[in-house]
Amino acid sequence: MSIVVKHLTKVYGAQKAIDGISFSANKGEILGFLGPNGAGKSTTMKILSCFIPQTSGCAEVAGFDVSSQAMEVRRHLGYLPEHNPLYLDMYVKESLGFIADIHRIGRKQERIAEIIDIAGLGREQHKRVGELSKGYRQRLGIAQALIHDPQVLILDEPTSGLDPAQLVGLRALIKELGKEKTIIFSTHIMQEAEVLCDRAVIIHEGRIVSDSTLPDLMNSYPGLKLEDIFLRLIGSIL
């Protein structure tokens with residue numbers, strides 16, 4: 001399995017941001033990590049990407065432990081955080097080159113050209129990052145996360161704030177990437193999860209309340225939309 005999480009807990013003072021959660025994700029799978037704001041999604045993703053340590057429990061990415069093998073995790077992982085960290089004064093190709101240098105990528109210019117094509121940035125490649133629309137900035141963030149060809153992608157609410165046209169394009173890109181890579185995709189928009197995800201892990205107040213394939217989850221609640229199922233599940237432990 002590409003991602004394995006076992007009894008993962010993160011405590012801030014007296015508050016448990018996540019409370020003993022366990023789940024896994026396989027290659028070629030888009031896993032929807034769903035929950036309301038403050039449920040623990042971003043905290044979990046930050047632990048998996050080695051930005052913050054867990055309080056207890058363990059997690060592996062591409063077979064490497066996030067605590068003891070953090071550098072190997074980073075080599076096999078691409079991460080787009082909720083707040084896309086871009087250098088606005090750089091040009092698009094310059095920005096990708098900067099990230100490629102960090103990863104010490106060979107045949108750098110060829111790889112930049114490949115990733116510009118994959119991410120649909122061709123028309124924007126000669127612009128400054130600060131001149132890009134929100135949708136193209138998100139595409140650039142995904143391109144940076146992909147530049148070293150990682151096995152696993154973690155995308156934290158990558159479509160937040162996009163207009164309908166931008167949403168369609170970015171969803172298509174994520175769907176295509178999910179054919180070859182393991183993707184954890186965080187959102188609180190249930191319609192988006194229905195379009196993109198193979199499986200759904202639903203988290204609320206730091207605890208997992210459902211872990212199922214989308215078809216199995218929908219079949220368990222006949223006649224209900226995913227949004228209604230989601231509201232019922234998070235309401236069950238209020």
# chains A, B, ... in the order shown; residues from 1 in each chain; ligands from 1
$ residues_around --residues "Ala17 of chain A" --least-positions-apart "5" --cutoff "10 Å" --atoms "only C-alpha atoms" --output "VMD selection string"
chain A and resid 9 to 12 38 to 44 204 to 207
$ write_last_selection --atoms "C-alpha atoms" --output "short mmCIF file (atom, residue, chain, number, x, y, z; two decimals), in the first residue's frame"
data_model
loop_
_atom_site.label_atom_id
_atom_site.label_comp_id
_atom_site.auth_asym_id
_atom_site.auth_seq_id
_atom_site.Cartn_x
_atom_site.Cartn_y
_atom_site.Cartn_z
CA THR A 9 -2.98 11.03 17.16
CA LYS A 10 -2.01 14.69 17.34
CA VAL A 11 -2.52 16.69 20.53
CA TYR A 12 -2.24 20.46 20.88
CA GLY A 38 -11.58 21.80 11.68
CA ALA A 39 -12.13 18.05 11.41
CA GLY A 40 -8.41 17.19 11.30
CA LYS A 41 -7.84 16.84 7.55
CA SER A 42 -4.99 19.33 7.23
CA THR A 43 -3.33 18.11 10.43
CA THR A 44 -3.25 14.56 9.07
CA HIS A 204 -15.17 14.57 12.12
CA GLU A 205 -13.72 16.08 15.30
CA GLY A 206 -10.51 14.11 14.79
CA ARG A 207 -12.18 10.70 14.40
#
$ residues_around --residues "Pro215 of chain A" --least-positions-apart "2" --cutoff "10 Å" --atoms "only C-alpha atoms" --output "number ranges by chain"
A: 194, 198-200, 212-213, 217-220
$ select_by_dssp --residues "segment 22-142 of chain A" --states "strand (DSSP E or B)" --output "tab-separated table (two decimals) with all heavy atoms, in the first residue's frame"
chain	number	residue	atom	x	y	z
A	22	SER	N	-6.96	5.51	11.70
A	22	SER	CA	-6.27	4.49	10.89
A	22	SER	C	-6.96	4.40	9.54
A	22	SER	O	-8.19	4.35	9.46
A	22	SER	CB	-6.31	3.12	11.57
A	22	SER	OG	-5.68	3.15	12.83
A	23	PHE	N	-6.16	4.38	8.46
A	23	PHE	CA	-6.69	4.15	7.11
A	23	PHE	C	-5.51	3.85	6.19
A	23	PHE	O	-4.35	3.98	6.58
A	23	PHE	CB	-7.49	5.35	6.60
A	23	PHE	CG	-6.70	6.61	6.39
A	23	PHE	CD1	-6.10	6.90	5.17
A	23	PHE	CD2	-6.56	7.53	7.43
A	23	PHE	CE1	-5.38	8.06	4.98
A	23	PHE	CE2	-5.83	8.71	7.25
A	23	PHE	CZ	-5.24	8.97	6.02
A	24	SER	N	-5.80	3.45	4.97
A	24	SER	CA	-4.75	3.18	3.99
A	24	SER	C	-5.22	3.59	2.61
A	24	SER	O	-6.41	3.81	2.38
A	24	SER	CB	-4.37	1.69	4.00
A	24	SER	OG	-5.49	0.89	3.68
A	25	ALA	N	-4.27	3.70	1.68
A	25	ALA	CA	-4.58	4.04	0.30
A	25	ALA	C	-3.64	3.28	-0.62
A	25	ALA	O	-2.46	3.10	-0.31
A	25	ALA	CB	-4.45	5.54	0.06
A	30	ILE	N	-7.71	7.36	-5.93
A	30	ILE	CA	-7.94	8.70	-5.40
A	30	ILE	C	-8.80	8.55	-4.15
A	30	ILE	O	-9.96	8.15	-4.22
A	30	ILE	CB	-8.64	9.61	-6.43
A	30	ILE	CG1	-7.80	9.76	-7.69
A	30	ILE	CG2	-8.89	10.99	-5.82
A	30	ILE	CD1	-8.43	10.62	-8.77
A	31	LEU	N	-8.19	8.85	-3.03
A	31	LEU	CA	-8.87	8.73	-1.75
A	31	LEU	C	-9.38	10.09	-1.33
A	31	LEU	O	-8.59	11.03	-1.13
A	31	LEU	CB	-7.92	8.18	-0.69
A	31	LEU	CG	-8.45	8.12	0.75
A	31	LEU	CD1	-9.56	7.09	0.85
A	31	LEU	CD2	-7.33	7.79	1.73
A	32	GLY	N	-10.68	10.23	-1.22
A	32	GLY	CA	-11.26	11.47	-0.73
A	32	GLY	C	-11.18	11.53	0.77
A	32	GLY	O	-11.69	10.66	1.46
A	33	PHE	N	-10.51	12.55	1.28
A	33	PHE	CA	-10.38	12.75	2.72
A	33	PHE	C	-11.34	13.87	3.07
A	33	PHE	O	-11.06	15.04	2.85
A	33	PHE	CB	-8.94	13.09	3.06
A	33	PHE	CG	-8.57	12.88	4.51
A	33	PHE	CD1	-8.98	11.75	5.20
A	33	PHE	CD2	-7.78	13.81	5.17
A	33	PHE	CE1	-8.63	11.56	6.52
A	33	PHE	CE2	-7.43	13.62	6.49
A	33	PHE	CZ	-7.86	12.49	7.16
A	34	LEU	N	-12.50	13.49	3.58
A	34	LEU	CA	-13.64	14.41	3.67
A	34	LEU	C	-13.96	14.76	5.11
A	34	LEU	O	-13.83	13.93	6.01
A	34	LEU	CB	-14.88	13.76	3.03
A	34	LEU	CG	-14.68	13.08	1.68
A	34	LEU	CD1	-15.99	12.46	1.22
A	34	LEU	CD2	-14.14	14.05	0.65
A	56	SER	N	1.34	10.42	18.73
A	56	SER	CA	1.48	8.97	18.85
A	56	SER	C	0.93	8.31	17.60
A	56	SER	O	0.34	8.97	16.74
A	56	SER	CB	0.74	8.45	20.10
A	56	SER	OG	-0.65	8.71	20.00
A	57	GLY	N	1.11	6.99	17.51
A	57	GLY	CA	0.72	6.27	16.32
A	57	GLY	C	1.81	6.33	15.28
A	57	GLY	O	2.91	6.86	15.51
A	58	CYS	N	1.54	5.78	14.09
A	58	CYS	CA	2.56	5.75	13.04
A	58	CYS	C	1.91	5.90	11.67
A	58	CYS	O	0.72	5.69	11.50
A	58	CYS	CB	3.38	4.45	13.11
A	58	CYS	SG	2.41	2.95	12.93
A	59	ALA	N	2.74	6.27	10.70
A	59	ALA	CA	2.27	6.43	9.32
A	59	ALA	C	3.42	6.14	8.38
A	59	ALA	O	4.58	6.47	8.68
A	59	ALA	CB	1.72	7.83	9.10
A	60	GLU	N	3.10	5.53	7.25
A	60	GLU	CA	4.08	5.27	6.21
A	60	GLU	C	3.58	5.82	4.88
A	60	GLU	O	2.39	5.76	4.58
A	60	GLU	CB	4.32	3.76	6.05
A	60	GLU	CG	5.02	3.11	7.23
A	60	GLU	CD	5.29	1.64	6.99
A	60	GLU	OE1	4.89	1.12	5.91
A	60	GLU	OE2	5.89	0.99	7.86
A	61	VAL	N	4.52	6.35	4.10
A	61	VAL	CA	4.26	6.81	2.74
A	61	VAL	C	5.24	6.11	1.82
A	61	VAL	O	6.45	6.19	2.03
A	61	VAL	CB	4.40	8.34	2.63
A	61	VAL	CG1	4.25	8.78	1.18
A	61	VAL	CG2	3.39	9.05	3.51
A	64	PHE	N	7.86	4.13	3.62
A	64	PHE	CA	8.82	4.81	4.49
A	64	PHE	C	8.09	5.47	5.66
A	64	PHE	O	7.03	6.08	5.49
A	64	PHE	CB	9.62	5.86	3.72
A	64	PHE	CG	10.43	5.28	2.60
A	64	PHE	CD1	9.97	5.36	1.29
A	64	PHE	CD2	11.63	4.63	2.84
A	64	PHE	CE1	10.71	4.82	0.24
A	64	PHE	CE2	12.38	4.09	1.81
A	64	PHE	CZ	11.92	4.18	0.50
A	65	ASP	N	8.67	5.35	6.84
A	65	ASP	CA	8.07	5.89	8.06
A	65	ASP	C	8.24	7.41	8.11
A	65	ASP	O	9.35	7.92	7.90
A	65	ASP	CB	8.73	5.25	9.29
A	65	ASP	CG	8.07	5.69	10.58
A	65	ASP	OD1	7.09	5.04	11.00
A	65	ASP	OD2	8.53	6.70	11.16
A	77	LEU	N	6.98	11.77	-2.34
A	77	LEU	CA	5.72	12.44	-2.08
A	77	LEU	C	5.67	13.81	-2.73
A	77	LEU	O	6.65	14.56	-2.70
A	77	LEU	CB	5.54	12.60	-0.56
A	77	LEU	CG	4.36	13.44	-0.06
A	77	LEU	CD1	3.05	12.70	-0.29
A	77	LEU	CD2	4.53	13.79	1.41
A	78	GLY	N	4.52	14.15	-3.31
A	78	GLY	CA	4.25	15.51	-3.75
A	78	GLY	C	3.12	16.07	-2.92
A	78	GLY	O	2.11	15.39	-2.70
A	79	TYR	N	3.27	17.31	-2.46
A	79	TYR	CA	2.31	17.87	-1.50
A	79	TYR	C	1.90	19.28	-1.93
A	79	TYR	O	2.75	20.14	-2.17
A	79	TYR	CB	2.96	17.92	-0.12
A	79	TYR	CG	2.15	18.58	0.98
A	79	TYR	CD1	0.81	18.32	1.16
A	79	TYR	CD2	2.77	19.47	1.87
A	79	TYR	CE1	0.08	18.91	2.18
A	79	TYR	CE2	2.06	20.06	2.90
A	79	TYR	CZ	0.72	19.78	3.05
A	79	TYR	OH	-0.01	20.37	4.07
A	80	LEU	N	0.60	19.48	-2.06
A	80	LEU	CA	0.05	20.82	-2.29
A	80	LEU	C	-0.77	21.20	-1.07
A	80	LEU	O	-1.86	20.68	-0.86
A	80	LEU	CB	-0.84	20.84	-3.53
A	80	LEU	CG	-1.54	22.17	-3.82
A	80	LEU	CD1	-0.52	23.27	-4.12
A	80	LEU	CD2	-2.53	22.04	-4.96
A	91	TYR	N	8.94	33.81	-12.57
A	91	TYR	CA	8.20	33.36	-13.73
A	91	TYR	C	7.85	31.88	-13.55
A	91	TYR	O	8.47	31.17	-12.76
A	91	TYR	CB	9.03	33.56	-15.00
A	91	TYR	CG	9.20	35.02	-15.37
A	91	TYR	CD1	10.29	35.74	-14.92
A	91	TYR	CD2	8.24	35.66	-16.16
A	91	TYR	CE1	10.44	37.09	-15.24
A	91	TYR	CE2	8.38	37.00	-16.49
A	91	TYR	CZ	9.48	37.71	-16.03
A	91	TYR	OH	9.62	39.03	-16.33
A	128	ARG	N	4.76	35.89	-15.08
A	128	ARG	CA	5.10	35.87	-13.66
A	128	ARG	C	3.98	35.14	-12.91
A	128	ARG	O	2.81	35.22	-13.29
A	128	ARG	CB	5.24	37.29	-13.11
A	128	ARG	CG	6.47	38.04	-13.58
A	128	ARG	CD	6.59	39.37	-12.87
A	128	ARG	NE	7.67	40.17	-13.40
A	128	ARG	CZ	8.93	40.12	-12.95
A	128	ARG	NH1	9.23	39.32	-11.95
A	128	ARG	NH2	9.86	40.90	-13.49
$ select_by_dssp --residues "segment 57-220 of chain A" --states "alpha helix (DSSP H)" --output "ChimeraX atom specification"
/A:70-75,92-102,108-119,134-146,164-177,190-196,214-220
$ closest_residue --among "A:Pro164, A:Gly235, A:Pro158, A:Gly130" --to "Leu86 of chain A" --atoms "only C-alpha atoms"
A:Gly130
$ atom_distance --atom1 "atom CA of Ala119 of chain A" --atom2 "atom CA of Glu157 of chain A"
17.1 Å
$ residues_around --residues "Gly120 of chain A" --least-positions-apart "6" --cutoff "9 Å" --atoms "only C-alpha atoms" --output "PyMOL selection string"
chain A and resi 136+139+169+173
$ closest_residue --among "A:Ile102, A:Ala145, A:Val209, A:Ile174" --to "Cys197 of chain A" --atoms "only C-alpha atoms"
A:Ile174
